[in-house]
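Asks: Next comes coords06.txt, compact mmCIF, C-alpha atoms:
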```
# COMPACT_ATOMS: atom_id res chain seq x y z
CA MET A 1 139.88 117.11 10.99
CA PHE A 2 137.02 115.40 9.17
CA SER A 3 138.68 111.97 9.32
CA GLY A 4 139.35 112.52 13.03
CA MET A 5 135.67 113.26 13.66
CA MET A 6 134.67 110.21 11.67
CA LYS A 7 136.99 108.07 13.77
CA ILE A 8 135.31 109.31 16.94
CA LEU A 9 131.80 108.79 15.62
CA LYS A 10 132.63 105.33 14.28
CA MET A 11 133.58 104.01 17.72
CA SER A 12 131.38 101.07 18.61
CA CYS A 13 130.09 100.12 22.05
CA GLU A 14 132.54 97.21 21.99
CA ASP A 15 135.40 99.72 21.68
CA VAL A 16 133.93 101.96 24.36
CA TYR A 17 133.14 99.39 27.07
CA PRO A 18 136.76 98.75 28.08
CA LEU A 19 137.39 102.50 28.12
CA ILE A 20 134.47 103.07 30.49
CA SER A 21 135.93 100.49 32.85
CA GLU A 22 139.49 101.79 32.46
CA SER A 23 138.41 105.34 33.18
CA GLN A 24 137.71 104.16 36.75
CA ASP A 25 141.30 103.00 37.14
CA HIS A 26 143.42 105.72 35.58
CA THR A 27 143.22 108.97 33.66
CA LEU A 28 142.74 108.14 30.02
CA PRO A 29 144.80 109.90 27.35
CA PHE A 30 143.15 113.08 26.10
CA SER A 31 142.06 111.58 22.77
CA SER A 32 140.45 108.55 24.44
CA ARG A 33 138.75 110.79 26.96
CA MET A 34 137.21 112.86 24.20
CA ARG A 35 136.15 109.83 22.18
CA LEU A 36 134.57 108.32 25.25
CA LYS A 37 132.79 111.51 26.18
CA ILE A 38 131.33 112.01 22.73
CA HIS A 39 130.24 108.39 22.38
CA ILE A 40 128.56 108.35 25.79
CA THR A 41 126.74 111.59 25.02
CA ILE A 42 125.06 110.02 22.03
CA CYS A 43 124.77 106.39 23.20
CA GLY A 44 122.08 105.58 25.75
CA LEU A 45 123.27 101.99 26.22
CA CYS A 46 126.79 103.06 27.15
CA GLN A 47 125.32 105.63 29.55
CA ILE A 48 123.53 102.76 31.28
CA TYR A 49 126.68 100.63 31.32
CA LYS A 50 128.71 103.47 32.84
CA LYS A 51 126.10 103.90 35.57
CA GLN A 52 126.08 100.17 36.26
CA LEU A 53 129.84 100.12 36.81
CA ALA A 54 129.53 103.11 39.13
CA VAL A 55 126.93 101.21 41.16
CA ILE A 56 129.20 98.15 41.42
CA CYS A 57 132.14 100.31 42.47
CA ARG A 58 130.16 102.05 45.23
CA VAL A 59 128.49 98.92 46.58
CA ALA A 60 131.82 97.04 46.62
CA LYS A 61 133.19 99.62 49.02
CA VAL A 62 130.25 99.06 51.37
CA ILE A 63 130.85 95.31 51.42
CA GLY A 64 134.47 95.77 52.40
CA LYS A 65 133.96 98.00 55.42
CA GLU A 66 135.18 96.80 58.80
CA ASP A 67 131.72 96.87 60.34
CA ALA A 68 129.85 95.74 57.22
CA LYS A 69 126.59 94.07 58.11
CA ILE A 70 126.36 92.43 54.70
CA LEU A 71 127.40 89.01 55.86
CA ALA A 72 125.91 89.44 59.32
CA GLU A 73 124.73 85.86 59.32
CA SER A 74 128.31 84.66 58.83
CA ASN A 75 129.80 84.38 62.27
CA MET A 76 132.92 82.58 63.31
CA LYS A 77 132.33 79.07 64.62
CA PRO A 78 131.85 79.06 68.44
CA GLU A 79 134.50 76.36 68.88
CA ALA A 80 137.04 78.42 66.94
CA LYS A 81 136.28 81.45 69.11
CA GLU A 82 136.54 79.36 72.26
CA LYS A 83 139.94 78.06 71.19
CA ILE A 84 141.29 81.56 70.61
CA GLN A 85 139.78 82.82 73.87
CA GLN A 86 141.49 80.06 75.82
CA TRP A 87 144.80 80.77 74.14
CA ILE A 88 144.53 84.49 74.93
CA GLU A 89 143.65 83.81 78.58
CA LYS A 90 146.70 81.58 78.84
CA LYS A 91 149.16 83.90 77.15
CA ARG A 92 148.18 87.40 78.19
CA MET B 1 153.93 92.11 78.55
CA SER B 2 150.38 93.38 79.04
CA ASN B 3 149.33 96.83 77.99
CA GLU B 4 146.81 98.64 80.14
CA LEU B 5 145.33 100.31 77.08
CA LEU B 6 144.24 96.95 75.68
CA GLU B 7 141.71 94.37 76.84
CA PRO B 8 142.74 91.13 75.14
CA GLN B 9 140.30 89.06 77.19
CA LYS B 10 137.47 90.90 75.41
CA TRP B 11 138.87 90.76 71.87
CA VAL B 12 137.06 87.59 70.82
CA GLU B 13 133.71 88.79 72.13
CA ARG B 14 134.09 92.25 70.63
CA TYR B 15 135.86 91.72 67.33
CA ALA B 16 136.09 88.05 66.28
CA ASP B 17 132.91 87.97 64.18
CA MET B 18 133.59 91.37 62.66
CA MET B 19 137.16 90.41 61.73
CA TYR B 20 135.99 87.04 60.44
CA ARG B 21 133.44 88.63 58.09
CA TYR B 22 136.03 91.17 56.95
CA SER B 23 138.40 88.31 56.09
CA LEU B 24 135.71 86.17 54.52
CA VAL B 25 134.82 88.85 51.96
CA ARG B 26 138.47 88.94 50.95
CA VAL B 27 139.56 85.31 50.99
CA ARG B 28 136.16 83.59 50.50
CA ASP B 29 137.21 80.45 52.37
CA SER B 30 135.81 80.09 55.91
CA GLU B 31 138.77 78.10 57.24
CA ALA B 32 141.27 80.56 55.82
CA ALA B 33 139.25 83.44 57.29
CA GLU B 34 139.28 81.79 60.72
CA GLU B 35 143.01 81.23 60.54
CA LEU B 36 143.57 84.85 59.60
CA VAL B 37 141.59 86.12 62.58
CA GLN B 38 143.41 83.73 64.86
CA SER B 39 146.84 84.73 63.59
CA ALA B 40 145.93 88.43 63.85
CA PHE B 41 144.94 88.00 67.51
CA PHE B 42 148.11 86.04 68.22
CA ALA B 43 150.30 88.66 66.55
CA ALA B 44 148.46 91.41 68.44
CA LEU B 45 148.98 89.67 71.74
CA LYS B 46 152.68 89.33 71.06
CA SER B 47 153.09 92.96 70.09
CA GLN B 48 150.93 94.58 72.74
CA ASN B 49 153.76 96.92 73.66
CA SER B 50 153.67 98.51 70.23
CA PHE B 51 150.16 99.83 70.91
CA ALA B 52 150.50 103.41 72.11
CA GLY B 53 146.83 104.29 72.15
CA LYS B 54 147.08 106.63 69.17
CA SER B 55 144.28 104.70 67.48
CA THR B 56 141.46 102.65 68.92
CA GLU B 57 141.98 99.04 69.87
CA LYS B 58 139.70 98.03 66.99
CA THR B 59 141.63 100.06 64.40
CA TRP B 60 144.90 98.61 65.65
CA LEU B 61 143.60 95.04 65.45
CA PHE B 62 142.19 95.57 61.98
CA GLY B 63 145.55 97.01 60.91
CA ILE B 64 147.21 93.77 61.95
CA LEU B 65 144.50 91.73 60.20
CA LYS B 66 145.00 93.68 56.96
CA HIS B 67 148.70 92.80 57.02
CA LYS B 68 147.82 89.16 57.58
CA ILE B 69 145.44 89.21 54.62
CA MET B 70 148.12 90.72 52.36
CA ASP B 71 150.57 88.06 53.57
CA PHE B 72 147.98 85.42 52.71
CA PHE B 73 147.58 86.84 49.21
CA ARG B 74 151.36 86.94 48.76
CA SER B 75 151.87 83.41 50.00
CA SER B 76 149.24 82.00 47.65
CA LYS B 77 149.78 84.22 44.63
CA ASN B 78 151.85 81.61 42.85
CA THR B 79 148.99 79.18 43.00
CA ILE B 80 146.74 81.36 40.87
CA SER B 81 147.66 82.07 37.30
CA ILE B 82 147.21 85.52 35.91
CA ASP B 83 147.29 85.43 32.18
CA PRO B 84 145.28 88.37 30.94
CA THR B 85 146.86 88.18 27.50
CA SER B 86 144.82 85.14 26.64
CA ASP B 87 141.19 85.39 25.76
CA LYS B 88 141.57 89.14 25.26
CA LYS B 89 138.15 89.78 23.83
CA SER B 90 136.31 87.41 26.06
CA GLY B 91 133.52 88.57 28.22
CA LEU B 92 129.98 87.79 28.96
CA ILE B 93 128.76 90.74 26.98
CA LYS B 94 128.23 89.81 23.38
CA PHE B 95 128.52 92.21 20.46
CA ASP B 96 127.45 91.85 16.86
CA SER B 97 129.84 92.24 13.94
CA SER B 98 129.43 96.01 13.96
CA GLY B 99 130.32 96.25 17.64
CA HIS B 100 126.82 96.80 18.98
CA MET B 101 125.52 94.92 21.98
CA ILE B 102 123.39 91.91 21.16
CA GLN B 103 121.74 91.92 24.56
CA LYS B 104 121.05 95.43 25.77
CA PRO B 105 122.01 96.28 29.36
CA GLY B 106 119.04 96.56 31.69
CA ASP B 107 118.32 99.93 33.18
CA TRP B 108 118.82 99.33 36.91
CA LYS B 109 117.07 102.61 37.69
CA LEU B 110 119.53 103.24 40.49
CA ASP B 111 121.31 106.40 41.43
CA PRO B 112 124.93 105.37 42.11
CA GLU B 113 125.09 108.04 44.82
CA LYS B 114 122.33 106.36 46.78
CA THR B 115 123.23 102.69 46.33
CA THR B 116 125.41 102.62 49.43
CA GLU B 117 122.24 102.50 51.50
CA ASN B 118 120.91 99.49 49.61
CA ASN B 119 121.77 96.58 51.89
CA GLU B 120 119.93 94.02 49.80
CA LEU B 121 121.92 94.95 46.71
CA ALA B 122 125.15 94.74 48.69
CA GLN B 123 124.27 91.23 49.83
CA VAL B 124 123.69 90.10 46.25
CA LEU B 125 126.95 91.68 45.11
CA ALA B 126 128.73 89.84 47.93
CA GLN B 127 127.24 86.60 46.61
CA CYS B 128 128.29 87.50 43.06
CA LEU B 129 131.84 88.18 44.25
CA LYS B 130 132.05 84.57 45.42
CA GLY B 131 131.51 83.45 41.85
CA LEU B 132 134.45 85.32 40.35
CA PRO B 133 137.51 83.30 39.28
CA GLU B 134 140.22 83.52 41.95
CA LYS B 135 142.49 85.89 40.06
CA TYR B 136 139.69 88.30 39.19
CA HIS B 137 138.35 88.18 42.73
CA ARG B 138 141.68 88.95 44.35
CA ILE B 139 142.49 91.85 42.08
CA PHE B 140 138.96 93.26 42.29
CA VAL B 141 139.08 93.08 46.10
CA LEU B 142 142.40 94.89 46.29
CA LYS B 143 141.43 97.60 43.83
CA GLU B 144 137.75 98.24 44.46
CA ILE B 145 137.23 97.12 48.03
CA ASP B 146 140.54 97.98 49.64
CA GLY B 147 141.46 100.89 47.36
CA ILE B 148 145.03 99.67 46.78
CA SER B 149 146.77 101.62 44.02
CA SER B 150 147.11 100.12 40.55
CA GLU B 151 150.88 100.44 40.82
CA GLU B 152 151.00 98.44 44.03
CA ILE B 153 148.75 95.70 42.63
CA CYS B 154 150.86 95.45 39.47
CA ASN B 155 153.97 95.06 41.60
CA GLU B 156 152.36 92.44 43.82
CA PHE B 157 151.16 90.31 40.91
CA ASP B 158 153.94 91.20 38.53
CA ILE B 159 151.59 92.34 35.79
CA LYS B 160 151.47 95.38 33.53
CA PRO B 161 148.88 98.13 34.06
CA THR B 162 147.22 97.23 30.75
CA ASN B 163 146.76 93.67 32.00
CA LEU B 164 145.34 94.96 35.26
CA TRP B 165 142.75 97.03 33.41
CA VAL B 166 141.71 94.03 31.31
CA ILE B 167 141.28 91.88 34.43
CA LEU B 168 139.26 94.58 36.21
CA HIS B 169 137.11 95.09 33.13
CA ARG B 170 136.30 91.40 32.95
CA ALA B 171 135.63 91.17 36.69
CA ARG B 172 133.23 94.12 36.53
CA ASN B 173 131.45 92.61 33.54
CA GLN B 174 130.98 89.31 35.34
CA LEU B 175 129.64 91.09 38.40
CA LYS B 176 127.33 93.18 36.26
CA GLN B 177 125.92 90.09 34.54
CA CYS B 178 125.54 88.30 37.87
CA LEU B 179 123.70 91.26 39.42
CA GLU B 180 121.37 91.45 36.43
CA SER B 181 120.44 87.79 36.71
CA LYS B 182 120.28 87.52 40.50
CA TRP B 183 118.80 90.83 41.47
CA PHE B 184 117.56 93.15 38.80
CA GLN B 185 115.62 90.60 36.80
CA THR B 186 113.71 89.63 39.92
CA LYS B 187 112.76 93.22 40.75
```
Translate this file's structure into structure tokens.
Replies:
Amino acid sequence: MFSGMMKILKMSCEDVYPLISESQDHTLPFSSRMRLKIHITICGLCQIYKKQLAVICRVAKVIGKEDAKILAESNMKPEAKEKIQQWIEKKR
Amino acid sequence: MSNELLEPQKWVERYADMMYRYSLVRVRDSEAAEELVQSAFFAALKSQNSFAGKSTEKTWLFGILKHKIMDFFRSSKNTISIDPTSDKKSGLIKFDSSGHMIQKPGDWKLDPEKTTENNELAQVLAQCLKGLPEKYHRIFVLKEIDGISSEEICNEFDIKPTNLWVILHRARNQLKQCLESKWFQTK
């Protein structure tokens, strides 16, 4: 029991970082979940890191939307559009 | 062969730019993005009869484009190497010998719940995405942007889940570092 607690408390941020990332991709095993939870509770830096990854995850979804305005300045070249338009007019 | 529910003559005007930007985020190369839009329109024109009006014209066209993008990823997957076993502990975040961060992460002072409204931040992240190595970019796009399951990505790239998690971890770290230098440090 005592050695188990010590193992949890001895986890470094370097050990925890990959677990924070992984926890976004799959359900961690119970022991890892507990270790992560306890470490994050007492470590302000890992709390910040966890929040940063959550921000990246959320903003990435915005970028990928069909009507995303993020790259609004990036339009298709007029000549490429004209070529497709002509092809459609011919084939439809 | 025409379908009265569709208006192909208006596709370019209505959707070309939108579909181009959608492709560009995913493949990063403007020529490849153009070709994808073009091939999606061509495929749509050929299969007009399959459109039954159950979805909107836009949704249907984007469905075709998504297939084209996946085909593009499949056709070029052999040209990118995915070797997550090497360089296992690499990363831009440096730790000291006791496993503590040498450079502390900056507090972005952002509520993740509200970041979806931050267009400026999204633009910087889009720029940062361009800087990811090809393999990281592709896997990050499929997982985080398109929400493809880990299992499907592992099958596509023939990698183990543990390797996938390592790649995603590294990609997120690179993006985090990029955001800190390009956005948060200037705020």
Asks: Let me make sure I understand: among A:Lys50, A:Gln85, A:Lys90, A:Ser23, which one has the smallest atom-to-atom distance to chain B if we use all atoms listed in the file?
Replies: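 Counting all atoms listed in the file, the residue closest to chain B is A:Gln85.
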Asks: Using all atoms listed in the file, can you tell me which of B:His100, B:Lys94, B:Lys109, B:Lys143 comes closest to chain A?
Replies: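 Closest residue, counting all atoms listed in the file: B:His100.
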Asks: Dump as CSV the rows for residues of chain A within 7 Å of chain B: closest atom pair and distance in Å with one decimal, all atoms listed in the file counted, ordered by chain and rising residue number.
Replies:
```
residue,atom,partner,partner_atom,distance
A:Ser12,CA,B:Gly99,CA,5.0
A:Cys13,CA,B:His100,CA,5.6
A:Glu14,CA,B:Gly99,CA,5.0
A:Pro18,CA,B:His169,CA,6.2
A:Ser21,CA,B:His169,CA,5.5
A:Glu22,CA,B:Trp165,CA,5.8
A:Leu45,CA,B:Pro105,CA,6.6
A:Ile48,CA,B:Asp107,CA,6.2
A:Tyr49,CA,B:Pro105,CA,6.7
A:Lys51,CA,B:Pro112,CA,6.8
A:Leu53,CA,B:Arg172,CA,6.9
A:Ala54,CA,B:Pro112,CA,5.9
A:Val55,CA,B:Pro112,CA,4.7
A:Cys57,CA,B:Glu144,CA,6.3
A:Arg58,CA,B:Thr116,CA,6.4
A:Val59,CA,B:Thr116,CA,5.6
A:Ala60,CA,B:Ile145,CA,5.6
A:Lys61,CA,B:Ile145,CA,4.9
A:Val62,CA,B:Thr116,CA,6.3
A:Ile63,CA,B:Ala122,CA,6.3
A:Gly64,CA,B:Ile145,CA,5.3
A:Glu66,CA,B:Tyr22,CA,6.0
A:Asp67,CA,B:Met18,CA,6.3
A:Ile70,CA,B:Gln123,CA,5.4
A:Leu71,CA,B:Arg21,CA,6.4
A:Ser74,CA,B:Arg21,CA,6.5
A:Asn75,CA,B:Asp17,CA,5.1
A:Met76,CA,B:Asp17,CA,5.5
A:Lys81,CA,B:Val12,CA,6.4
A:Ile84,CA,B:Gln38,CA,6.5
A:Gln85,CA,B:Val12,CA,6.3
A:Ile88,CA,B:Gln9,CA,6.6
A:Glu89,CA,B:Gln9,CA,6.4
A:Arg92,CA,B:Ser2,CA,6.4
```
Asks: Could you work out an axis-aligned bounding box for all listed atoms of segment 34-50 of chain B, with 5 Å added on each of the six sides, and give its centre and edge lengths in Å to one decimal, as AutoDock Vina command-line options?
Replies:
```
--center_x 146.5 --center_y 89.9 --center_z 66.6 --size_x 24.5 --size_y 27.3 --size_z 24.1
```
Asks: Please, what distance in Å, to one decimal, runs between atom CA of Ile20 of chain A and atom CA of Val27 of chain B?
Replies: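 About the pair atom CA of Ile20 of chain A and atom CA of Val27 of chain B: they are 27.6 Å apart.
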Asks: One decimal, Å: what's the distance from atom CA of Ser181 of chain B over to atom CA of Asp15 of chain A, could you say?
Replies: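 Atom-to-atom, atom CA of Ser181 of chain B to atom CA of Asp15 of chain A, that is 24.3 Å.
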Asks: Please compute the atom CA of Gln47 of chain A-atom CA of His137 of chain B distance, one decimal, in Å.
Replies: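 Separating atom CA of Gln47 of chain A from atom CA of His137 of chain B is a distance of 25.5 Å.
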Asks: Pick from B:Ile139, B:Cys178, B:Leu61, B:Leu132: nearest to Asn163 of chain B, with only C-alpha atoms counted?
Replies: B:Ile139
Asks: Can you complete the atoms of segment 31-42 of chain A to all heavy atoms and list them as a compact mmCIF listing (two decimals), keeping the file's coordinate frame?
Replies:
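Output file part39.txt follows:
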```
# COMPACT_ATOMS: atom_id res chain seq x y z
N SER A 31 142.86 111.99 23.93
CA SER A 31 142.06 111.58 22.77
C SER A 31 141.01 110.53 23.16
O SER A 31 139.86 110.59 22.73
CB SER A 31 142.96 111.04 21.66
OG SER A 31 143.68 109.93 22.14
N SER A 32 141.40 109.58 24.01
CA SER A 32 140.45 108.55 24.44
C SER A 32 139.34 109.16 25.28
O SER A 32 138.18 108.77 25.18
CB SER A 32 141.16 107.48 25.27
OG SER A 32 142.14 106.85 24.51
N ARG A 33 139.75 110.12 26.12
CA ARG A 33 138.75 110.79 26.96
C ARG A 33 137.68 111.48 26.11
O ARG A 33 136.49 111.39 26.38
CB ARG A 33 139.44 111.84 27.84
CG ARG A 33 139.50 111.41 29.26
CD ARG A 33 140.00 112.39 30.27
NE ARG A 33 140.52 113.67 29.93
CZ ARG A 33 141.80 113.99 29.93
NH1 ARG A 33 142.69 113.07 30.22
NH2 ARG A 33 142.20 115.22 29.66
N MET A 34 138.14 112.14 25.07
CA MET A 34 137.21 112.86 24.20
C MET A 34 136.31 111.90 23.44
O MET A 34 135.10 112.10 23.34
CB MET A 34 138.00 113.73 23.19
CG MET A 34 138.67 114.93 23.79
SD MET A 34 137.47 116.02 24.62
CE MET A 34 137.85 115.77 26.33
N ARG A 35 136.93 110.82 22.94
CA ARG A 35 136.15 109.83 22.18
C ARG A 35 135.08 109.21 23.07
O ARG A 35 133.93 109.03 22.67
CB ARG A 35 137.07 108.74 21.63
CG ARG A 35 138.01 109.25 20.55
CD ARG A 35 139.14 108.30 20.30
NE ARG A 35 138.74 107.16 19.48
CZ ARG A 35 139.48 106.08 19.31
NH1 ARG A 35 140.65 105.98 19.90
NH2 ARG A 35 139.06 105.10 18.55
N LEU A 36 135.50 108.91 24.29
CA LEU A 36 134.57 108.32 25.25
C LEU A 36 133.42 109.27 25.56
O LEU A 36 132.25 108.90 25.55
CB LEU A 36 135.34 107.98 26.54
CG LEU A 36 134.60 107.28 27.66
CD1 LEU A 36 134.04 105.95 27.19
CD2 LEU A 36 135.54 107.03 28.84
N LYS A 37 133.78 110.51 25.81
CA LYS A 37 132.79 111.51 26.18
C LYS A 37 131.74 111.69 25.07
O LYS A 37 130.54 111.71 25.33
CB LYS A 37 133.50 112.85 26.47
CG LYS A 37 132.70 113.79 27.32
CD LYS A 37 133.55 114.95 27.75
CE LYS A 37 132.71 115.94 28.55
NZ LYS A 37 133.48 117.07 29.02
N ILE A 38 132.25 111.79 23.85
CA ILE A 38 131.33 112.01 22.73
C ILE A 38 130.44 110.79 22.51
O ILE A 38 129.23 110.91 22.35
CB ILE A 38 132.12 112.36 21.44
CG1 ILE A 38 132.77 113.74 21.61
CG2 ILE A 38 131.21 112.34 20.21
CD1 ILE A 38 133.78 114.11 20.56
N HIS A 39 131.04 109.60 22.59
CA HIS A 39 130.24 108.39 22.38
C HIS A 39 129.15 108.27 23.44
O HIS A 39 128.00 107.98 23.13
CB HIS A 39 131.13 107.14 22.40
CG HIS A 39 130.38 105.87 22.13
ND1 HIS A 39 130.26 105.31 20.87
CD2 HIS A 39 129.64 105.08 22.96
CE1 HIS A 39 129.52 104.23 20.94
NE2 HIS A 39 129.13 104.06 22.20
N ILE A 40 129.53 108.50 24.70
CA ILE A 40 128.56 108.35 25.79
C ILE A 40 127.43 109.37 25.66
O ILE A 40 126.27 109.07 25.94
CB ILE A 40 129.26 108.44 27.16
CG1 ILE A 40 130.03 107.14 27.40
CG2 ILE A 40 128.27 108.67 28.29
CD1 ILE A 40 130.78 107.06 28.69
N THR A 41 127.77 110.56 25.19
CA THR A 41 126.74 111.59 25.02
C THR A 41 125.64 111.14 24.07
O THR A 41 124.47 111.43 24.28
CB THR A 41 127.40 112.89 24.48
OG1 THR A 41 128.45 113.24 25.36
CG2 THR A 41 126.40 114.03 24.42
N ILE A 42 126.06 110.39 23.04
CA ILE A 42 125.06 110.02 22.03
C ILE A 42 124.55 108.58 22.17
O ILE A 42 123.65 108.17 21.45
CB ILE A 42 125.60 110.23 20.59
CG1 ILE A 42 126.91 109.44 20.40
CG2 ILE A 42 125.80 111.72 20.28
CD1 ILE A 42 127.44 109.45 18.98
```
